[in-house]
>>> print(open('start-v9.txt').read())   # compact mmCIF, C-alpha atoms
# COMPACT_ATOMS: atom_id res chain seq x y z
CA MET A 17 0.25 13.72 -1.67
CA SER A 18 -1.94 11.52 0.50
CA GLY A 19 -4.29 8.61 -0.10
CA SER A 20 -3.20 5.59 -2.14
CA ALA A 21 0.56 5.48 -2.65
CA ALA A 22 0.32 3.89 -6.10
CA ASP A 23 -2.34 6.34 -7.34
CA CYS A 24 -0.37 9.36 -6.10
CA GLN A 25 2.97 8.15 -7.49
CA TYR A 26 1.50 7.28 -10.89
CA TRP A 27 -0.63 10.38 -11.52
CA GLU A 28 1.92 12.85 -10.17
CA ARG A 29 4.61 11.28 -12.35
CA LEU A 30 2.25 11.60 -15.31
CA LEU A 31 1.62 15.23 -14.35
CA ALA A 32 5.40 15.84 -14.31
CA LYS A 33 5.59 14.41 -17.84
CA GLU A 34 2.78 16.69 -19.04
CA CYS A 35 4.42 19.76 -17.45
CA ARG A 36 7.70 18.93 -19.21
CA LEU A 37 5.90 18.53 -22.55
CA TYR A 38 4.13 21.87 -21.96
CA LYS A 39 7.50 23.57 -21.46
CA LEU A 40 8.92 21.99 -24.63
CA ARG A 41 5.88 22.92 -26.74
CA ASP A 42 5.10 26.42 -25.43
CA LYS A 43 8.68 27.46 -24.60
CA GLU A 44 7.63 28.74 -21.21
CA ARG A 45 7.17 27.14 -17.81
CA ILE A 46 3.66 25.96 -16.95
CA SER A 47 1.69 28.03 -14.41
CA VAL A 48 0.65 26.51 -11.07
CA SER A 49 -2.98 27.03 -12.05
CA ALA A 50 -2.58 25.11 -15.31
CA ALA A 51 -0.58 22.28 -13.73
CA SER A 52 -3.15 21.79 -10.99
CA LYS A 53 -5.97 21.84 -13.56
CA LEU A 54 -4.22 19.12 -15.58
CA LEU A 55 -4.14 16.88 -12.50
CA CYS A 56 -7.74 17.77 -11.62
CA ASN A 57 -8.93 16.71 -15.08
CA MET A 58 -6.96 13.46 -14.86
CA MET A 59 -8.87 12.74 -11.62
CA LEU A 60 -12.22 13.63 -13.19
CA GLY A 61 -11.51 11.19 -16.03
CA TYR A 62 -11.60 8.36 -13.49
CA ARG A 63 -14.35 9.77 -11.26
CA GLY A 64 -16.21 7.14 -9.25
CA MET A 65 -13.71 4.36 -10.00
CA GLY A 66 -12.06 4.36 -6.61
CA LEU A 67 -8.88 6.39 -7.05
CA SER A 68 -7.65 7.90 -3.78
CA VAL A 69 -5.51 11.02 -4.16
CA GLY A 70 -5.30 14.08 -1.90
CA SER A 71 -2.54 16.35 -3.13
CA MET A 72 -1.24 19.89 -3.03
CA ILE A 73 0.46 21.49 -6.03
CA CYS A 74 2.87 24.21 -5.01
CA GLY A 75 5.05 26.40 -7.22
CA TRP A 76 6.09 29.79 -8.56
CA ASP A 77 4.94 31.39 -11.78
CA LYS A 78 4.39 34.85 -13.30
CA LYS A 79 1.76 35.61 -10.64
CA GLY A 80 4.15 34.74 -7.79
CA PRO A 81 3.89 31.81 -5.38
CA GLY A 82 0.91 29.48 -5.89
CA LEU A 83 -0.71 26.67 -3.92
CA TYR A 84 -3.58 24.46 -5.03
CA TYR A 85 -5.32 21.53 -3.33
CA VAL A 86 -6.47 18.79 -5.75
CA ASP A 87 -8.22 15.54 -4.81
CA ASP A 88 -9.78 12.44 -6.39
CA ASN A 89 -13.30 13.97 -6.35
CA GLY A 90 -12.07 16.64 -8.76
CA THR A 91 -11.93 19.36 -6.09
CA ARG A 92 -9.40 22.06 -7.00
CA LEU A 93 -8.92 24.93 -4.54
CA SER A 94 -6.46 27.77 -4.39
CA GLY A 95 -5.39 28.88 -0.91
CA ARG A 96 -2.72 30.14 1.46
CA MET A 97 -2.53 26.94 3.49
CA PHE A 98 -3.77 23.33 3.32
CA SER A 99 -3.20 19.98 4.95
CA THR A 100 -4.35 16.57 3.65
CA GLY A 101 -4.47 12.96 4.74
CA CYS A 102 -6.15 11.18 7.62
CA GLY A 103 -4.21 13.21 10.19
CA ASN A 104 -5.06 16.53 8.54
CA GLY A 105 -7.49 17.62 11.24
CA TYR A 106 -4.79 17.44 13.89
CA ALA A 107 -2.36 19.34 11.67
CA TYR A 108 -4.96 22.06 10.92
CA GLY A 109 -5.41 22.63 14.65
CA VAL A 110 -1.74 23.37 15.12
CA VAL A 111 -1.05 25.39 11.96
CA ASP A 112 -4.29 27.40 12.13
CA SER A 113 -3.36 28.56 15.63
CA GLY A 114 0.22 29.40 14.76
CA TYR A 115 -0.20 31.02 11.33
CA HIS A 116 0.05 34.79 10.93
CA GLU A 117 0.32 36.97 7.83
CA ASP A 118 3.88 38.25 8.40
CA MET A 119 5.60 34.99 9.33
CA THR A 120 9.29 34.61 8.59
CA VAL A 121 10.57 31.60 6.68
CA GLU A 122 12.13 30.13 9.84
CA GLU A 123 8.85 30.48 11.75
CA ALA A 124 7.06 28.73 8.90
CA TYR A 125 9.53 25.82 8.95
CA GLU A 126 8.95 25.41 12.70
CA LEU A 127 5.16 25.57 12.33
CA GLY A 128 5.23 22.95 9.60
CA LEU A 129 7.32 20.59 11.72
CA ARG A 130 4.98 21.08 14.67
CA GLY A 131 1.86 20.46 12.62
CA ILE A 132 3.12 17.18 11.21
CA THR A 133 4.57 16.02 14.53
CA HIS A 134 1.30 16.50 16.39
CA ALA A 135 -0.65 14.82 13.62
CA THR A 136 1.63 11.78 13.69
CA HIS A 137 1.28 11.63 17.46
CA ARG A 138 -2.52 11.34 17.41
CA ASP A 139 -3.25 9.68 14.05
CA ALA A 140 -2.52 5.95 13.93
CA TYR A 141 -1.83 5.98 10.19
CA SER A 142 0.76 8.77 10.23
CA GLY A 143 4.33 8.54 11.44
CA GLY A 144 8.00 8.07 10.60
CA VAL A 145 9.90 11.12 9.43
CA VAL A 146 9.05 14.66 8.36
CA ASN A 147 10.46 15.50 4.91
CA MET A 148 10.37 19.27 4.50
CA TYR A 149 10.80 21.07 1.17
CA HIS A 150 10.84 24.82 0.55
CA MET A 151 9.63 25.95 -2.88
CA GLN A 152 11.62 29.11 -3.60
CA GLU A 153 11.34 31.37 -6.62
CA ASP A 154 14.19 29.65 -8.47
CA GLY A 155 13.51 26.09 -7.41
CA TRP A 156 12.97 23.77 -4.47
CA ILE A 157 15.35 22.97 -1.63
CA LYS A 158 15.12 20.17 0.89
CA VAL A 159 15.06 21.84 4.29
CA CYS A 160 15.35 18.80 6.57
CA GLN A 161 14.39 15.21 7.34
CA GLU A 162 13.53 14.75 11.02
CA ASP A 163 12.31 11.71 12.94
CA VAL A 164 8.96 12.45 14.63
CA SER A 165 9.88 10.39 17.71
CA GLU A 166 12.57 12.95 18.47
CA LEU A 167 10.45 15.97 17.51
CA ILE A 168 7.54 15.01 19.80
CA HIS A 169 9.85 15.06 22.80
CA ARG A 170 11.07 18.55 21.83
CA TYR A 171 7.54 19.90 21.57
CA ARG A 172 5.89 18.12 24.50
CA LYS A 173 8.50 18.35 27.23
CA GLY A 174 7.28 16.67 30.38
CA MET A 175 4.38 14.99 28.58
CA PHE A 176 6.00 11.53 28.68
CA MET B 11 -12.21 -20.68 18.13
CA LEU B 12 -12.81 -24.42 17.98
CA SER B 13 -16.55 -24.30 17.30
CA THR B 14 -19.11 -21.59 16.72
CA HIS B 15 -22.78 -21.77 17.59
CA SER B 16 -25.47 -19.35 16.54
CA TYR B 17 -28.47 -18.60 18.72
CA ASP B 18 -32.06 -17.69 17.86
CA ALA B 19 -34.07 -14.79 19.31
CA ASN B 20 -34.94 -16.74 22.50
CA GLY B 21 -31.35 -17.61 23.31
CA LYS B 22 -31.76 -21.23 22.25
CA MET B 23 -28.89 -22.82 20.32
CA LYS B 24 -29.75 -23.43 16.65
CA ASP B 25 -29.48 -26.96 15.23
CA TYR B 26 -29.08 -25.82 11.66
CA HIS B 27 -27.21 -22.88 10.15
CA TYR B 28 -28.98 -21.13 7.31
CA SER B 29 -28.56 -17.39 6.96
CA GLY B 30 -30.61 -16.90 3.80
CA PRO B 31 -29.71 -16.96 0.09
CA VAL B 32 -26.01 -16.29 -0.51
CA GLU B 33 -24.46 -15.33 -3.83
CA HIS B 34 -21.41 -17.32 -4.86
CA ARG B 35 -18.91 -15.92 -7.31
CA PHE B 36 -15.86 -17.30 -9.09
CA SER B 37 -12.70 -15.75 -7.64
CA PRO B 38 -10.02 -15.05 -10.22
CA TYR B 39 -7.34 -15.07 -7.51
CA ALA B 40 -5.74 -17.75 -5.34
CA PHE B 41 -3.20 -17.39 -2.57
CA ASN B 42 -0.13 -19.59 -3.07
CA GLY B 43 1.94 -18.40 -0.11
CA GLY B 44 5.67 -17.88 -0.04
CA THR B 45 7.98 -15.32 1.47
CA VAL B 46 10.58 -13.13 -0.23
CA LEU B 47 13.38 -11.04 1.25
CA ALA B 48 15.98 -8.67 -0.19
CA VAL B 49 18.95 -6.92 1.45
CA ALA B 50 21.25 -4.29 -0.08
CA GLY B 51 24.87 -4.01 0.98
CA GLU B 52 27.72 -1.71 0.03
CA ASP B 53 28.68 -3.69 -3.09
CA PHE B 54 26.23 -6.58 -3.10
CA ALA B 55 22.53 -7.38 -2.96
CA ILE B 56 20.82 -10.52 -1.72
CA VAL B 57 17.40 -11.77 -2.84
CA ALA B 58 16.08 -14.84 -1.00
CA SER B 59 12.83 -16.77 -1.10
CA ASP B 60 11.41 -20.00 0.25
CA THR B 61 10.48 -22.70 -2.27
CA ARG B 62 7.10 -23.87 -0.98
CA LEU B 63 4.04 -23.47 -3.23
CA SER B 64 0.81 -24.00 -1.31
CA GLU B 65 -2.94 -23.50 -1.68
CA GLY B 66 -5.30 -23.76 1.27
CA TYR B 67 -4.15 -26.67 3.44
CA SER B 68 -2.22 -28.37 0.60
CA ILE B 69 1.29 -28.10 -0.74
CA HIS B 70 1.53 -28.09 -4.54
CA SER B 71 5.32 -28.16 -4.65
CA ARG B 72 8.34 -28.09 -2.35
CA ASP B 73 10.63 -26.84 -5.12
CA SER B 74 9.08 -23.68 -6.53
CA PRO B 75 11.45 -20.77 -5.90
CA LYS B 76 10.14 -17.25 -6.10
CA CYS B 77 13.36 -15.52 -7.28
CA TYR B 78 13.66 -14.80 -10.99
CA THR B 79 16.87 -13.55 -12.61
CA LEU B 80 16.20 -10.58 -14.89
CA THR B 81 19.66 -9.32 -15.90
CA ASP B 82 23.29 -9.87 -14.77
CA THR B 83 22.76 -7.32 -12.05
CA THR B 84 19.09 -7.69 -11.11
CA VAL B 85 16.94 -10.36 -9.47
CA ILE B 86 13.23 -10.07 -8.68
CA GLY B 87 11.30 -11.94 -6.00
CA CYS B 88 7.55 -12.36 -6.58
CA SER B 89 5.09 -13.88 -4.07
CA GLY B 90 1.32 -14.01 -3.86
CA PHE B 91 -0.79 -15.59 -6.60
CA HIS B 92 1.49 -17.87 -8.61
CA GLY B 93 -0.48 -17.43 -11.86
CA ASP B 94 0.06 -13.67 -11.80
CA CYS B 95 3.73 -14.14 -10.74
CA LEU B 96 4.39 -16.24 -13.86
CA THR B 97 2.57 -13.86 -16.22
CA LEU B 98 4.23 -10.81 -14.72
CA THR B 99 7.74 -12.25 -15.01
CA LYS B 100 7.04 -13.23 -18.64
CA ILE B 101 5.94 -9.67 -19.37
CA ILE B 102 9.01 -8.21 -17.65
CA ASP B 103 11.32 -10.52 -19.63
CA ALA B 104 9.64 -9.46 -22.88
CA ARG B 105 9.94 -5.77 -22.03
CA LEU B 106 13.63 -6.24 -21.09
CA LYS B 107 14.27 -7.81 -24.48
CA MET B 108 12.44 -5.00 -26.28
CA TYR B 109 14.47 -2.38 -24.41
CA LYS B 110 17.71 -4.19 -25.24
CA HIS B 111 16.81 -4.32 -28.93
CA SER B 112 15.79 -0.64 -29.08
CA ASN B 113 18.48 0.86 -26.85
CA ASN B 114 21.39 -1.54 -27.36
CA LYS B 115 22.00 -1.90 -23.63
CA SER B 116 20.57 -3.76 -20.63
CA MET B 117 18.09 -2.09 -18.32
CA THR B 118 19.50 -0.79 -15.03
CA SER B 119 17.87 -1.84 -11.73
CA GLY B 120 16.33 1.60 -11.25
CA ALA B 121 14.87 1.56 -14.75
CA ILE B 122 13.38 -1.92 -14.25
CA ALA B 123 11.79 -0.71 -11.01
CA ALA B 124 10.23 2.33 -12.68
CA MET B 125 8.97 0.18 -15.54
CA LEU B 126 7.47 -2.41 -13.20
CA SER B 127 5.58 0.38 -11.43
CA THR B 128 3.81 1.36 -14.66
CA ILE B 129 3.17 -2.27 -15.65
CA LEU B 130 1.47 -2.89 -12.30
CA TYR B 131 -0.53 0.35 -12.43
CA GLY B 132 -1.75 -0.58 -15.92
CA ARG B 133 -3.88 -3.15 -14.11
CA ARG B 134 -5.03 -0.73 -11.41
CA PHE B 135 -8.63 -1.94 -11.65
CA PHE B 136 -7.87 -5.70 -11.82
CA PRO B 137 -4.51 -5.92 -10.08
CA TYR B 138 -1.74 -8.47 -10.37
CA TYR B 139 -1.93 -10.17 -6.96
CA VAL B 140 1.86 -10.15 -6.60
CA TYR B 141 4.14 -8.68 -3.95
CA ASN B 142 7.38 -7.79 -5.74
CA ILE B 143 10.83 -7.00 -4.42
CA ILE B 144 13.70 -6.20 -6.78
CA GLY B 145 17.30 -6.62 -5.63
CA GLY B 146 20.35 -5.66 -7.61
CA LEU B 147 23.24 -3.29 -8.15
CA ASP B 148 22.70 0.33 -9.13
CA GLU B 149 24.75 2.20 -11.73
CA GLU B 150 27.46 2.98 -9.15
CA GLY B 151 27.80 -0.69 -8.20
CA LYS B 152 26.11 -0.25 -4.82
CA GLY B 153 23.39 -2.63 -3.62
CA ALA B 154 19.81 -1.53 -4.30
CA VAL B 155 16.47 -2.92 -3.15
CA TYR B 156 13.11 -1.73 -4.53
CA SER B 157 9.85 -2.88 -2.90
CA PHE B 158 6.40 -2.66 -4.49
CA ASP B 159 2.76 -2.99 -3.59
CA PRO B 160 0.36 -4.88 -5.91
CA VAL B 161 -0.68 -1.72 -7.79
CA GLY B 162 2.75 -0.27 -8.43
CA SER B 163 3.74 2.10 -5.64
CA TYR B 164 7.45 1.62 -4.94
CA GLN B 165 10.45 2.98 -3.13
CA ARG B 166 14.12 2.19 -2.71
CA ASP B 167 14.99 0.46 0.57
CA THR B 168 18.04 -1.01 2.30
CA TYR B 169 16.15 -4.18 3.21
CA LYS B 170 12.58 -5.46 2.79
CA ALA B 171 10.57 -8.60 3.40
CA GLY B 172 7.43 -9.45 1.42
CA GLY B 173 4.91 -12.28 1.24
CA SER B 174 3.20 -14.39 3.88
CA ALA B 175 5.84 -14.20 6.65
CA SER B 176 6.82 -10.60 5.95
CA ALA B 177 5.31 -9.34 9.22
CA MET B 178 7.59 -11.73 11.11
CA LEU B 179 10.77 -11.00 9.14
CA GLN B 180 10.53 -7.23 8.77
CA PRO B 181 10.75 -6.34 12.51
CA LEU B 182 13.75 -8.66 12.90
CA LEU B 183 15.50 -6.99 9.97
CA ASP B 184 14.64 -3.54 11.38
CA ASN B 185 16.41 -4.55 14.56
CA GLN B 186 19.45 -6.37 13.13
CA ILE B 187 20.19 -4.34 10.01
CA GLY B 188 18.58 -0.99 10.85
CA PHE B 189 19.60 -1.11 14.55
CA LYS B 190 16.12 0.10 15.45
CA ASN B 191 14.76 0.06 19.01
CA MET B 192 18.21 -0.43 20.49
CA GLU B 193 20.28 2.08 22.40
CA ASN B 194 24.07 2.46 22.74
CA VAL B 195 24.82 0.09 19.87
CA GLN B 196 27.58 0.64 17.34
CA HIS B 197 26.26 0.84 13.77
CA VAL B 198 28.58 -1.52 11.90
CA PRO B 199 28.15 -1.74 8.12
CA LEU B 200 26.74 -5.06 6.92
CA THR B 201 29.25 -7.50 5.40
CA GLN B 202 28.20 -10.03 2.78
CA GLU B 203 28.92 -13.03 5.06
CA LYS B 204 26.90 -11.56 7.92
CA ALA B 205 24.03 -10.70 5.61
CA VAL B 206 23.82 -14.24 4.19
CA GLN B 207 23.90 -15.76 7.70
CA LEU B 208 21.21 -13.34 8.85
CA VAL B 209 18.98 -14.24 5.89
CA LYS B 210 19.33 -17.96 6.69
CA ASP B 211 18.55 -17.44 10.39
CA VAL B 212 15.58 -15.23 9.68
CA PHE B 213 13.98 -17.73 7.28
CA ILE B 214 14.56 -20.59 9.71
CA SER B 215 12.56 -18.58 12.28
CA ALA B 216 9.82 -17.80 9.76
CA ALA B 217 9.49 -21.48 8.78
CA GLU B 218 8.88 -22.35 12.44
CA ARG B 219 5.82 -20.16 12.79
CA ASP B 220 4.35 -19.52 9.33
CA VAL B 221 2.65 -22.53 7.74
CA TYR B 222 3.09 -21.19 4.20
CA THR B 223 6.88 -20.83 4.54
CA GLY B 224 9.27 -23.78 4.56
CA ASP B 225 10.78 -26.72 2.59
CA ALA B 226 13.87 -24.91 1.28
CA LEU B 227 15.44 -21.49 0.97
CA LYS B 228 17.02 -20.18 -2.22
CA ILE B 229 19.46 -17.27 -1.86
CA CYS B 230 20.66 -15.26 -4.88
CA ILE B 231 23.72 -13.11 -4.15
CA VAL B 232 24.28 -10.36 -6.72
CA THR B 233 27.76 -8.86 -7.02
CA LYS B 234 29.74 -7.28 -9.83
CA ASP B 235 31.12 -10.77 -10.56
CA GLY B 236 27.63 -12.11 -11.29
CA ILE B 237 24.85 -13.94 -9.48
CA ARG B 238 25.65 -16.82 -7.08
CA GLU B 239 22.93 -19.17 -5.79
CA GLU B 240 22.77 -21.08 -2.50
CA ILE B 241 20.09 -23.57 -1.44
CA VAL B 242 19.47 -24.27 2.24
CA PRO B 243 16.92 -26.81 3.55
CA LEU B 244 14.11 -25.61 5.84
CA ARG B 245 11.44 -27.36 7.90
CA LYS B 246 9.15 -29.48 5.77
CA ASP B 247 6.16 -29.58 8.16
>>> encode(input="start-v9.txt", output="structure tokens")
Amino acid sequence: MSGSAADCQYWERLLAKECRLYKLRDKERISVSAASKLLCNMMLGYRGMGLSVGSMICGWDKKGPGLYYVDDNGTRLSGRMFSTGCGNGYAYGVVDSGYHEDMTVEEAYELGLRGITHATHRDAYSGGVVNMYHMQEDGWIKVCQEDVSELIHRYRKGMF
Amino acid sequence: MLSTHSYDANGKMKDYHYSGPVEHRFSPYAFNGGTVLAVAGEDFAIVASDTRLSEGYSIHSRDSPKCYTLTDTTVIGCSGFHGDCLTLTKIIDARLKMYKHSNNKSMTSGAIAAMLSTILYGRRFFPYYVYNIIGGLDEEGKGAVYSFDPVGSYQRDTYKAGGSASAMLQPLLDNQIGFKNMENVQHVPLTQEKAVQLVKDVFISAAERDVYTGDALKICIVTKDGIREEIVPLRKD
């Protein structure tokens, strides 16, 4: 999630509540498509009032792995890859060049780290650490937490 | 800038300053200054604030602390607009009482933090102009600090400074508690005595340079044995 911290924390927590209620009522886990649509409609309810949310909903359901981009305008897009936030252009440059159809999981981890690291290097508003999560079929795992100051030296040897 | 002059189209200095009709509006907010700081240790938490209440160039009071005790294990520091600080703490106290009556137990620090987030977000479109920091003990007895923005985003920290001198205090804490920007230094865990001394030193520095911080410092030390208070004088100028 990117944009306003308070808006993202509040609405995504509300979304988590709605997903839990869905599971209790319908006795099956909510689909990625439905979860992302719930968030999209929450955003549309406050359209024009200045909310700032740029988020990606990622999960597994009956159709397999799913990824949706949802933002405060009410945009909801399904796709194979997204990046959001003010550094997203820099990240797109790196991941678009490195992405290929038959990537392994390890290659994907590395590409993700690179994308974020280069974005934090050039964008003034991005920085700190990279928190990486892998959404697997039976749940999420935290892959790593790496400081970008160390990563940038790994990726740009001889630059500074 | 000691004086500003505006110039007309020919480069001649203007005698009068009139830029056209200007709309004036009542502002529902005021800035009353004050700095708050919280540090979490292994089995303690410290919440400290200065006691100066100011507005513009004036001081309203030299004895207006910004720490409020919520439960036996939680203290909150609120700085910003004093009117909203008072209302917010009243609302938190009421909600704590309601929780205690419904659930037959006191709220934990983490629960208070989550609740405060939703209270603040409830006023997303007319925010409480308050910078909050909660300090207390978590359910395992370890020190916990939660810092907030005015509209409710929050996270758990080891240490945090908020309010008018926060930009001066935070880098010093990053260096002394977080050992940031230093090389070849042993990371020793923070003892309670060292933490209290650090808090005093850091506020003395802030009072030197920030006009809104000074008069006195109130430190609340939260341990499993309860909450102890210490008052230390600061510069009054």
>>> closest_residue(input="start-v9.txt", among="B:Glu240, B:Asp25, B:Asp60, B:Glu65", to="Cys88 (chain B)", atoms="all atoms listed in the file")
B:Asp60
>>> atom_distance(input="start-v9.txt", atom1="CA of Gly82 (chain A)", atom2="CA of Tyr149 (chain A)")
14.8 Å
>>> axis_aligned_box(input="start-v9.txt", around="region 64-80 of chain B", padding_each_side="4 Å", output="JSON")
{"center_x": 5.8, "center_y": -19.5, "center_z": -5.7, "size_x": 30.2, "size_y": 25.8, "size_z": 26.3}
>>> closest_atom_pairs(input="start-v9.txt", of="chain B", to="chain A", cutoff="12 Å", atoms="all atoms listed in the file", output="JSON lines")
{"residue": "B:Ala124", "atom": "CA", "partner": "A:Tyr26", "partner_atom": "CA", "distance": 10.2}
{"residue": "B:Met125", "atom": "CA", "partner": "A:Tyr26", "partner_atom": "CA", "distance": 11.3}
{"residue": "B:Leu126", "atom": "CA", "partner": "A:Tyr26", "partner_atom": "CA", "distance": 11.6}
{"residue": "B:Ser127", "atom": "CA", "partner": "A:Tyr26", "partner_atom": "CA", "distance": 8.0}
{"residue": "B:Thr128", "atom": "CA", "partner": "A:Tyr26", "partner_atom": "CA", "distance": 7.4}
{"residue": "B:Ile129", "atom": "CA", "partner": "A:Tyr26", "partner_atom": "CA", "distance": 10.8}
{"residue": "B:Leu130", "atom": "CA", "partner": "A:Ala22", "partner_atom": "CA", "distance": 9.3}
{"residue": "B:Tyr131", "atom": "CA", "partner": "A:Ala22", "partner_atom": "CA", "distance": 7.3}
{"residue": "B:Gly132", "atom": "CA", "partner": "A:Tyr26", "partner_atom": "CA", "distance": 9.9}
{"residue": "B:Arg133", "atom": "CA", "partner": "A:Ala22", "partner_atom": "CA", "distance": 11.5}
{"residue": "B:Arg134", "atom": "CA", "partner": "A:Asp23", "partner_atom": "CA", "distance": 8.6}
{"residue": "B:Phe135", "atom": "CA", "partner": "A:Met65", "partner_atom": "CA", "distance": 8.3}
{"residue": "B:Phe136", "atom": "CA", "partner": "A:Met65", "partner_atom": "CA", "distance": 11.8}
{"residue": "B:Pro137", "atom": "CA", "partner": "A:Ala22", "partner_atom": "CA", "distance": 11.6}
{"residue": "B:Phe158", "atom": "CA", "partner": "A:Ala22", "partner_atom": "CA", "distance": 9.1}
{"residue": "B:Asp159", "atom": "CA", "partner": "A:Ala22", "partner_atom": "CA", "distance": 7.7}
{"residue": "B:Pro160", "atom": "CA", "partner": "A:Ala22", "partner_atom": "CA", "distance": 8.8}
{"residue": "B:Val161", "atom": "CA", "partner": "A:Ala22", "partner_atom": "CA", "distance": 5.9}
{"residue": "B:Gly162", "atom": "CA", "partner": "A:Ala22", "partner_atom": "CA", "distance": 5.4}
{"residue": "B:Ser163", "atom": "CA", "partner": "A:Ala22", "partner_atom": "CA", "distance": 3.9}
{"residue": "B:Tyr164", "atom": "CA", "partner": "A:Ala22", "partner_atom": "CA", "distance": 7.6}
{"residue": "B:Gln165", "atom": "CA", "partner": "A:Gln25", "partner_atom": "CA", "distance": 10.1}
{"residue": "B:Asn191", "atom": "CA", "partner": "A:Ser165", "partner_atom": "CA", "distance": 11.5}
>>> residues_around(input="start-v9.txt", residues="region 156-165 of chain A", least_positions_apart="2", cutoff="8 Å", atoms="only C-alpha atoms", output="mmCIF file with C-alpha atoms, keeping the file's coordinate frame")
data_model
loop_
_atom_site.group_PDB
_atom_site.id
_atom_site.type_symbol
_atom_site.label_atom_id
_atom_site.label_comp_id
_atom_site.auth_asym_id
_atom_site.auth_seq_id
_atom_site.Cartn_x
_atom_site.Cartn_y
_atom_site.Cartn_z
ATOM 1 C CA THR A 133 4.570 16.020 14.530
ATOM 2 C CA THR A 136 1.630 11.780 13.690
ATOM 3 C CA GLY A 143 4.330 8.540 11.440
ATOM 4 C CA GLY A 144 8.000 8.070 10.600
ATOM 5 C CA VAL A 145 9.900 11.120 9.430
ATOM 6 C CA VAL A 146 9.050 14.660 8.360
ATOM 7 C CA ASN A 147 10.460 15.500 4.910
ATOM 8 C CA MET A 148 10.370 19.270 4.500
ATOM 9 C CA TYR A 149 10.800 21.070 1.170
ATOM 10 C CA HIS A 150 10.840 24.820 0.550
ATOM 11 C CA MET A 151 9.630 25.950 -2.880
ATOM 12 C CA GLN A 152 11.620 29.110 -3.600
ATOM 13 C CA ASP A 154 14.190 29.650 -8.470
ATOM 14 C CA LEU A 167 10.450 15.970 17.510
ATOM 15 C CA ILE A 168 7.540 15.010 19.800
ATOM 16 C CA HIS A 169 9.850 15.060 22.800
#
>>> atom_distance(input="start-v9.txt", atom1="CA of Leu60 (chain A)", atom2="CA of Arg36 (chain A)")
21.5 Å
>>> decode(input="start-v9.txt", residues="region 175-186 of chain B", atoms="N, CA and C atoms", output="PDB file, in the first residue's frame")
ATOM      1  N   ALA B 175       9.776  20.081  19.069  1.00  0.00           N
ATOM      2  CA  ALA B 175      11.228  19.855  18.964  1.00  0.00           C
ATOM      3  C   ALA B 175      11.561  18.444  18.508  1.00  0.00           C
ATOM      4  N   SER B 176      10.580  17.747  17.924  1.00  0.00           N
ATOM      5  CA  SER B 176      10.807  16.348  17.561  1.00  0.00           C
ATOM      6  C   SER B 176      11.941  16.202  16.562  1.00  0.00           C
ATOM      7  N   ALA B 177      12.067  17.138  15.625  1.00  0.00           N
ATOM      8  CA  ALA B 177      13.123  17.041  14.603  1.00  0.00           C
ATOM      9  C   ALA B 177      14.510  17.182  15.209  1.00  0.00           C
ATOM     10  N   MET B 178      14.593  17.819  16.380  1.00  0.00           N
ATOM     11  CA  MET B 178      15.888  17.924  17.061  1.00  0.00           C
ATOM     12  C   MET B 178      16.180  16.683  17.888  1.00  0.00           C
ATOM     13  N   LEU B 179      15.141  16.132  18.534  1.00  0.00           N
ATOM     14  CA  LEU B 179      15.341  14.998  19.446  1.00  0.00           C
ATOM     15  C   LEU B 179      15.530  13.689  18.703  1.00  0.00           C
ATOM     16  N   GLN B 180      14.722  13.481  17.645  1.00  0.00           N
ATOM     17  CA  GLN B 180      14.724  12.179  16.981  1.00  0.00           C
ATOM     18  C   GLN B 180      16.101  11.762  16.465  1.00  0.00           C
ATOM     19  N   PRO B 181      16.859  12.647  15.778  1.00  0.00           N
ATOM     20  CA  PRO B 181      18.178  12.214  15.295  1.00  0.00           C
ATOM     21  C   PRO B 181      19.122  11.835  16.429  1.00  0.00           C
ATOM     22  N   LEU B 182      19.011  12.559  17.558  1.00  0.00           N
ATOM     23  CA  LEU B 182      19.870  12.262  18.714  1.00  0.00           C
ATOM     24  C   LEU B 182      19.531  10.888  19.286  1.00  0.00           C
ATOM     25  N   LEU B 183      18.235  10.581  19.351  1.00  0.00           N
ATOM     26  CA  LEU B 183      17.823   9.262  19.834  1.00  0.00           C
ATOM     27  C   LEU B 183      18.258   8.172  18.871  1.00  0.00           C
ATOM     28  N   ASP B 184      18.147   8.451  17.557  1.00  0.00           N
ATOM     29  CA  ASP B 184      18.584   7.473  16.547  1.00  0.00           C
ATOM     30  C   ASP B 184      20.043   7.100  16.774  1.00  0.00           C
ATOM     31  N   ASN B 185      20.830   8.110  17.138  1.00  0.00           N
ATOM     32  CA  ASN B 185      22.259   7.890  17.331  1.00  0.00           C
ATOM     33  C   ASN B 185      22.552   7.188  18.652  1.00  0.00           C
ATOM     34  N   GLN B 186      21.918   7.636  19.750  1.00  0.00           N
ATOM     35  CA  GLN B 186      22.271   7.131  21.076  1.00  0.00           C
ATOM     36  C   GLN B 186      21.577   5.826  21.448  1.00  0.00           C
TER      37      GLN B 186
END
